[in-house]
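> Here it is, the structure in full.
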Amino acid sequence: MQDAPPRKNFVFKLDVLFEDDYLAAIHKPAGLLVNGNSFKTIANALTQNITRSTLSDVTKPQPVHRLDFPTTGILLIGKTSSSIRALNTLFKNRAIKKTYYAVTIGVMQPEGIITTTVDGKTSKSKYKVLQTVDSVRFKKLNLVQLEPFTGRRHQLRKHLSGIGNPILGDKDYGFENLILNGKGLYLHAYSLQFTHPFTNENLYLKDELPKRFKKLFKDI
């Protein structure tokens with residue numbers, strides 16, 4: 001009986017934002033799963049985009065956190081066994097500061113903290129409105145900076161929908177008469193800030209806002 005042929009890598013060009021021997025950060029485009037049973041995932045495209053580590057515990061590069069299928073932005077990758085463990089620990093201990101940007105619908109308070117239960121667990125997010133523009137269809141659109149203190153599934157999307165300000169393009173948590181089709185979800189993972197677990201360097205890694213955000217708001 002012959003061995004099964006090795007599973008091929010998903011051929012897909014990724015933008016690498018930062019890389020050293022321990023870890024990397026890439027731009028995740030919309031419409032791709034980070035990992036899972038599907039062949040077309042970020043995880044299956046990493047080997048051809050990430051330089052192989054020269055360290056002794058080098059392993060196949062793998063994402064150490066997740067972004068939703070429609071979300072764009074920065075994704076952190078571990079390149080060695082010890083780095084993957086260390087980065088997972090940083091996320092578990094909430095030692096990595098994550099900043100997102102979203103476009104929301106409707107009139108909002110200038111800033112606030114949202115605390116709810118998501119999937120039976122406490123979840124907490126902080127938001128700040130940076131700009132607001134008038135919209136014929138949506139009345140008001142807001143550029144909002146977001147900082148999740150916890151990492152529950154769809155947390156930011158659920159939190160903003162829960163206060164009556166769903167994210168533009170959110171087909172799951174938006175309001176039926178205010179769904180924007182064809183433009184995707186206006187949620188972007190902008191930056192990660194943490195102390196490098198091996199070099200002790202203070203890293204501030206970011207992924208600039210997509211053009212579609214800049215078309216709605218000036219001077220960003």
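Just remember, in the structure tokens the first chain shown is A, the second B, etc., residues are 1-based per chain, and ligands are 1-based in the order shown.
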Fewer than 6 positions away in the same chain doesn't count, so skip those; otherwise give me all residues within 12 Å of His65 of chain A, counting only C-alpha atoms, as a VMD selection string.
chain A and resid 25 28 33 to 35 42 to 43 74 to 78 84 to 85 87 to 92 96 98 151 to 153 189 192
> Could you take the residues named above and write them with N, CA and C atoms, as a PDB file, in the first residue's frame?

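Generated file (again-v7.pdb):
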ATOM      1  N   ALA A  25       4.920  38.594  11.152  1.00  0.00           N
ATOM      2  CA  ALA A  25       3.583  39.175  11.107  1.00  0.00           C
ATOM      3  C   ALA A  25       3.221  39.370   9.649  1.00  0.00           C
ATOM      4  N   LYS A  28      -3.428  39.665   6.732  1.00  0.00           N
ATOM      5  CA  LYS A  28      -4.478  38.714   6.354  1.00  0.00           C
ATOM      6  C   LYS A  28      -5.510  39.438   5.502  1.00  0.00           C
ATOM      7  N   LEU A  33      -9.841  31.877   5.518  1.00  0.00           N
ATOM      8  CA  LEU A  33      -9.754  31.355   6.875  1.00  0.00           C
ATOM      9  C   LEU A  33      -8.306  31.352   7.330  1.00  0.00           C
ATOM     10  N   VAL A  34      -8.077  31.564   8.612  1.00  0.00           N
ATOM     11  CA  VAL A  34      -6.713  31.502   9.142  1.00  0.00           C
ATOM     12  C   VAL A  34      -6.216  30.056   9.143  1.00  0.00           C
ATOM     13  N   ASN A  35      -7.045  29.144   9.627  1.00  0.00           N
ATOM     14  CA  ASN A  35      -6.696  27.718   9.592  1.00  0.00           C
ATOM     15  C   ASN A  35      -7.983  26.903   9.642  1.00  0.00           C
ATOM     16  N   ILE A  42      -4.739  30.582   5.433  1.00  0.00           N
ATOM     17  CA  ILE A  42      -3.475  31.283   5.666  1.00  0.00           C
ATOM     18  C   ILE A  42      -2.399  30.291   6.103  1.00  0.00           C
ATOM     19  N   ALA A  43      -2.752  29.382   7.002  1.00  0.00           N
ATOM     20  CA  ALA A  43      -1.777  28.413   7.515  1.00  0.00           C
ATOM     21  C   ALA A  43      -1.127  27.615   6.389  1.00  0.00           C
ATOM     22  N   ILE A  74      -3.495  42.477  10.689  1.00  0.00           N
ATOM     23  CA  ILE A  74      -2.228  41.882  11.092  1.00  0.00           C
ATOM     24  C   ILE A  74      -2.449  40.561  11.824  1.00  0.00           C
ATOM     25  N   LEU A  75      -1.639  39.569  11.442  1.00  0.00           N
ATOM     26  CA  LEU A  75      -1.732  38.232  12.027  1.00  0.00           C
ATOM     27  C   LEU A  75      -0.334  37.789  12.429  1.00  0.00           C
ATOM     28  N   LEU A  76      -0.196  37.315  13.660  1.00  0.00           N
ATOM     29  CA  LEU A  76       1.107  36.929  14.199  1.00  0.00           C
ATOM     30  C   LEU A  76       1.369  35.444  13.960  1.00  0.00           C
ATOM     31  N   ILE A  77       2.609  35.141  13.544  1.00  0.00           N
ATOM     32  CA  ILE A  77       3.002  33.787  13.166  1.00  0.00           C
ATOM     33  C   ILE A  77       4.203  33.347  13.995  1.00  0.00           C
ATOM     34  N   GLY A  78       4.173  32.132  14.532  1.00  0.00           N
ATOM     35  CA  GLY A  78       5.334  31.559  15.207  1.00  0.00           C
ATOM     36  C   GLY A  78       6.139  30.699  14.252  1.00  0.00           C
ATOM     37  N   ILE A  84       6.208  29.617  19.338  1.00  0.00           N
ATOM     38  CA  ILE A  84       4.762  29.378  19.306  1.00  0.00           C
ATOM     39  C   ILE A  84       4.211  29.265  20.725  1.00  0.00           C
ATOM     40  N   ARG A  85       4.922  28.514  21.580  1.00  0.00           N
ATOM     41  CA  ARG A  85       4.486  28.374  22.977  1.00  0.00           C
ATOM     42  C   ARG A  85       4.514  29.726  23.705  1.00  0.00           C
ATOM     43  N   LEU A  87       4.393  32.804  22.450  1.00  0.00           N
ATOM     44  CA  LEU A  87       3.388  33.735  21.945  1.00  0.00           C
ATOM     45  C   LEU A  87       1.988  33.343  22.424  1.00  0.00           C
ATOM     46  N   ASN A  88       1.721  32.049  22.460  1.00  0.00           N
ATOM     47  CA  ASN A  88       0.442  31.592  22.998  1.00  0.00           C
ATOM     48  C   ASN A  88       0.274  32.020  24.451  1.00  0.00           C
ATOM     49  N   THR A  89       1.365  31.940  25.210  1.00  0.00           N
ATOM     50  CA  THR A  89       1.328  32.361  26.612  1.00  0.00           C
ATOM     51  C   THR A  89       1.060  33.856  26.727  1.00  0.00           C
ATOM     52  N   LEU A  90       1.692  34.654  25.866  1.00  0.00           N
ATOM     53  CA  LEU A  90       1.461  36.108  25.882  1.00  0.00           C
ATOM     54  C   LEU A  90      -0.004  36.429  25.618  1.00  0.00           C
ATOM     55  N   PHE A  91      -0.592  35.752  24.633  1.00  0.00           N
ATOM     56  CA  PHE A  91      -2.011  35.983  24.357  1.00  0.00           C
ATOM     57  C   PHE A  91      -2.879  35.547  25.531  1.00  0.00           C
ATOM     58  N   LYS A  92      -2.560  34.392  26.103  1.00  0.00           N
ATOM     59  CA  LYS A  92      -3.334  33.886  27.239  1.00  0.00           C
ATOM     60  C   LYS A  92      -3.289  34.853  28.414  1.00  0.00           C
ATOM     61  N   ILE A  96      -0.416  41.011  25.013  1.00  0.00           N
ATOM     62  CA  ILE A  96      -0.310  41.584  23.667  1.00  0.00           C
ATOM     63  C   ILE A  96      -1.470  42.545  23.479  1.00  0.00           C
ATOM     64  N   LYS A  98      -3.914  44.583  21.380  1.00  0.00           N
ATOM     65  CA  LYS A  98      -4.457  44.537  20.024  1.00  0.00           C
ATOM     66  C   LYS A  98      -5.306  45.788  19.774  1.00  0.00           C
ATOM     67  N   GLY A 151     -10.654  37.915  24.203  1.00  0.00           N
ATOM     68  CA  GLY A 151     -10.603  37.442  22.825  1.00  0.00           C
ATOM     69  C   GLY A 151     -11.690  36.450  22.484  1.00  0.00           C
ATOM     70  N   ARG A 152     -12.930  36.813  22.720  1.00  0.00           N
ATOM     71  CA  ARG A 152     -14.036  35.903  22.420  1.00  0.00           C
ATOM     72  C   ARG A 152     -14.358  35.928  20.921  1.00  0.00           C
ATOM     73  N   ARG A 153     -14.994  34.858  20.474  1.00  0.00           N
ATOM     74  CA  ARG A 153     -15.347  34.742  19.060  1.00  0.00           C
ATOM     75  C   ARG A 153     -16.341  35.840  18.659  1.00  0.00           C
ATOM     76  N   ALA A 189      -7.759  44.593  11.731  1.00  0.00           N
ATOM     77  CA  ALA A 189      -6.812  44.427  12.836  1.00  0.00           C
ATOM     78  C   ALA A 189      -5.578  45.268  12.530  1.00  0.00           C
ATOM     79  N   LEU A 192      -0.396  45.262  16.757  1.00  0.00           N
ATOM     80  CA  LEU A 192      -0.078  44.406  17.895  1.00  0.00           C
ATOM     81  C   LEU A 192       1.120  45.017  18.608  1.00  0.00           C
TER      82      LEU A 192
END
> Set the distance at 12 Å and use only C-alpha atoms: which residues neighbour Gly31 of chain A once local chain neighbours fewer than 6 positions away are removed? I'd like the list as a VMD selection string.
chain A and resid 40 to 42 67 to 73 182 to 185
> Please give the complete set of residues from segment 6-174 of chain A that DSSP, run on the backbone, assigns to helix (DSSP H, G or I), formatted as JSON, numbers by chain.
{"A": [42, 43, 44, 45, 46, 47, 48, 49, 81, 82, 83, 84, 85, 86, 87, 88, 89, 90, 91, 92, 155, 156, 157, 158, 159, 160, 161, 162]}
> Wanna dump the segment 73-125 of chain A-segment 213-218 of chain A contacts at 10 Å for me, each residue with its shortest atom pair and the distance in Å to one decimal, counting only C-alpha atoms, ordered by chain and number, as a tab-separated table?

residue	atom	partner	partner_atom	distance
A:Tyr101	CA	A:Phe213	CA	9.2
A:Ala102	CA	A:Phe213	CA	8.5
A:Val103	CA	A:Phe213	CA	7.6
> Do a neighbour search on Asp119 of chain A at 10 Å with only C-alpha atoms, toss out local chain neighbours closer than 2 positions, and write the hits as a list of chain:residue names.
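Non-adjacent residues within range: A:Thr116, A:Thr117, A:Lys121, A:Thr122, A:Ser123, A:Arg152, A:Arg153, A:Gln155.
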> Go ahead and dump the residues you just picked, N, CA, C and O atoms, as a compact mmCIF listing (two decimals), in the first residue's frame.

# COMPACT_ATOMS: atom_id res chain seq x y z
N THR A 116 -19.90 42.47 28.29
CA THR A 116 -21.04 41.56 28.17
C THR A 116 -20.53 40.13 28.35
O THR A 116 -19.34 39.90 28.52
N THR A 117 -21.46 39.21 28.23
CA THR A 117 -21.10 37.79 28.20
C THR A 117 -21.17 37.30 26.76
O THR A 117 -22.17 37.52 26.08
N LYS A 121 -18.90 33.52 28.58
CA LYS A 121 -17.71 34.07 29.24
C LYS A 121 -17.73 35.59 29.20
O LYS A 121 -18.23 36.19 28.25
N THR A 122 -17.17 36.20 30.24
CA THR A 122 -17.11 37.66 30.29
C THR A 122 -16.25 38.20 29.15
O THR A 122 -15.18 37.66 28.85
N SER A 123 -16.72 39.26 28.51
CA SER A 123 -15.95 39.88 27.43
C SER A 123 -15.97 41.40 27.61
O SER A 123 -16.97 41.96 28.08
N ARG A 152 -12.93 36.81 22.72
CA ARG A 152 -14.04 35.90 22.42
C ARG A 152 -14.36 35.93 20.92
O ARG A 152 -14.09 36.90 20.24
N ARG A 153 -14.99 34.86 20.47
CA ARG A 153 -15.35 34.74 19.06
C ARG A 153 -16.34 35.84 18.66
O ARG A 153 -17.37 36.01 19.28
N GLN A 155 -16.21 38.88 19.08
CA GLN A 155 -16.46 39.80 20.20
C GLN A 155 -16.76 41.23 19.77
O GLN A 155 -17.77 41.81 20.19
> Using only C-alpha atoms, which residues sit within 12 Å of Lys124 of chain A once same-chain residues fewer than 3 positions away are excluded, as a ChimeraX atom specification?
/A:112-118,121,127,146-152,155-156,158-160
> Only N, CA and C atoms, please: the residues just picked out, written as a PDB file, in the first residue's frame.

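out15.pdb was written with the following content:
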ATOM      1  N   GLY A 112     -16.319  54.637  25.026  1.00  0.00           N
ATOM      2  CA  GLY A 112     -16.981  53.833  26.038  1.00  0.00           C
ATOM      3  C   GLY A 112     -16.326  52.472  26.196  1.00  0.00           C
ATOM      4  N   ILE A 113     -16.769  51.749  27.208  1.00  0.00           N
ATOM      5  CA  ILE A 113     -16.330  50.380  27.456  1.00  0.00           C
ATOM      6  C   ILE A 113     -17.558  49.485  27.452  1.00  0.00           C
ATOM      7  N   ILE A 114     -17.473  48.397  26.692  1.00  0.00           N
ATOM      8  CA  ILE A 114     -18.590  47.458  26.586  1.00  0.00           C
ATOM      9  C   ILE A 114     -18.198  46.166  27.297  1.00  0.00           C
ATOM     10  N   THR A 115     -19.003  45.768  28.238  1.00  0.00           N
ATOM     11  CA  THR A 115     -18.761  44.510  28.961  1.00  0.00           C
ATOM     12  C   THR A 115     -20.021  43.657  28.875  1.00  0.00           C
ATOM     13  N   THR A 116     -19.904  42.475  28.289  1.00  0.00           N
ATOM     14  CA  THR A 116     -21.038  41.562  28.174  1.00  0.00           C
ATOM     15  C   THR A 116     -20.532  40.133  28.347  1.00  0.00           C
ATOM     16  N   THR A 117     -21.456  39.206  28.232  1.00  0.00           N
ATOM     17  CA  THR A 117     -21.102  37.788  28.201  1.00  0.00           C
ATOM     18  C   THR A 117     -21.175  37.299  26.762  1.00  0.00           C
ATOM     19  N   VAL A 118     -20.103  36.688  26.283  1.00  0.00           N
ATOM     20  CA  VAL A 118     -20.069  36.095  24.946  1.00  0.00           C
ATOM     21  C   VAL A 118     -19.757  34.611  25.111  1.00  0.00           C
ATOM     22  N   LYS A 121     -18.902  33.525  28.583  1.00  0.00           N
ATOM     23  CA  LYS A 121     -17.707  34.068  29.238  1.00  0.00           C
ATOM     24  C   LYS A 121     -17.729  35.594  29.199  1.00  0.00           C
ATOM     25  N   TYR A 127     -13.881  51.330  23.125  1.00  0.00           N
ATOM     26  CA  TYR A 127     -13.974  51.981  21.815  1.00  0.00           C
ATOM     27  C   TYR A 127     -13.832  53.494  21.939  1.00  0.00           C
ATOM     28  N   LEU A 146     -10.731  50.435  18.313  1.00  0.00           N
ATOM     29  CA  LEU A 146     -11.201  49.410  19.239  1.00  0.00           C
ATOM     30  C   LEU A 146     -10.039  48.699  19.914  1.00  0.00           C
ATOM     31  N   GLU A 147     -10.217  48.426  21.189  1.00  0.00           N
ATOM     32  CA  GLU A 147      -9.225  47.631  21.920  1.00  0.00           C
ATOM     33  C   GLU A 147      -9.955  46.529  22.689  1.00  0.00           C
ATOM     34  N   PRO A 148      -9.856  45.277  22.221  1.00  0.00           N
ATOM     35  CA  PRO A 148     -10.478  44.186  22.958  1.00  0.00           C
ATOM     36  C   PRO A 148      -9.584  43.752  24.122  1.00  0.00           C
ATOM     37  N   PHE A 149     -10.166  43.654  25.309  1.00  0.00           N
ATOM     38  CA  PHE A 149      -9.410  43.188  26.466  1.00  0.00           C
ATOM     39  C   PHE A 149      -9.479  41.671  26.607  1.00  0.00           C
ATOM     40  N   THR A 150     -10.483  41.084  25.950  1.00  0.00           N
ATOM     41  CA  THR A 150     -10.619  39.629  25.915  1.00  0.00           C
ATOM     42  C   THR A 150     -10.707  39.211  24.452  1.00  0.00           C
ATOM     43  N   GLY A 151     -10.654  37.915  24.203  1.00  0.00           N
ATOM     44  CA  GLY A 151     -10.603  37.442  22.825  1.00  0.00           C
ATOM     45  C   GLY A 151     -11.690  36.450  22.484  1.00  0.00           C
ATOM     46  N   ARG A 152     -12.930  36.813  22.720  1.00  0.00           N
ATOM     47  CA  ARG A 152     -14.036  35.903  22.420  1.00  0.00           C
ATOM     48  C   ARG A 152     -14.358  35.928  20.921  1.00  0.00           C
ATOM     49  N   GLN A 155     -16.214  38.877  19.083  1.00  0.00           N
ATOM     50  CA  GLN A 155     -16.457  39.797  20.202  1.00  0.00           C
ATOM     51  C   GLN A 155     -16.758  41.226  19.774  1.00  0.00           C
ATOM     52  N   LEU A 156     -15.892  41.817  18.957  1.00  0.00           N
ATOM     53  CA  LEU A 156     -16.077  43.216  18.579  1.00  0.00           C
ATOM     54  C   LEU A 156     -17.348  43.403  17.766  1.00  0.00           C
ATOM     55  N   LYS A 158     -20.078  41.557  17.895  1.00  0.00           N
ATOM     56  CA  LYS A 158     -21.226  41.410  18.789  1.00  0.00           C
ATOM     57  C   LYS A 158     -21.376  42.622  19.702  1.00  0.00           C
ATOM     58  N   HIS A 159     -20.259  43.128  20.209  1.00  0.00           N
ATOM     59  CA  HIS A 159     -20.319  44.279  21.111  1.00  0.00           C
ATOM     60  C   HIS A 159     -20.890  45.509  20.424  1.00  0.00           C
ATOM     61  N   LEU A 160     -20.417  45.798  19.222  1.00  0.00           N
ATOM     62  CA  LEU A 160     -20.887  47.001  18.530  1.00  0.00           C
ATOM     63  C   LEU A 160     -22.338  46.859  18.089  1.00  0.00           C
TER      64      LEU A 160
END
> Among segment 1-148 of chain A, which ones does DSSP place in strand (DSSP E or B), written as a ChimeraX atom specification?
/A:16-19,23-28,33,41,58-63,72-80,97-105,111-118,121-135,139-148
> Find, counting only C-alpha atoms, the residue in A:Val64, A:Leu23, A:Ala30, A:Ala86 that gets nearest to Ile50 of chain A.
A:Leu23
> At a cut-off of 9 Å, using only C-alpha atoms, what residues contact Leu141 of chain A? Leave out same-chain residues fewer than 6 positions from it and give the result as a list in words.
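What passes the distance filter is Val103, Thr104, Ile105, Gly106, Val107, Gln131, Thr132, Val133, Asp134, Ser135, Leu168 and Leu216 of chain A.
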> I'd like the interatomic distance between atom CA of Phe198 of chain A and atom CA of Pro61 of chain A, to a tenth of an Å.
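Spanning atom CA of Phe198 of chain A to atom CA of Pro61 of chain A is a straight-line distance of 16.8 Å.
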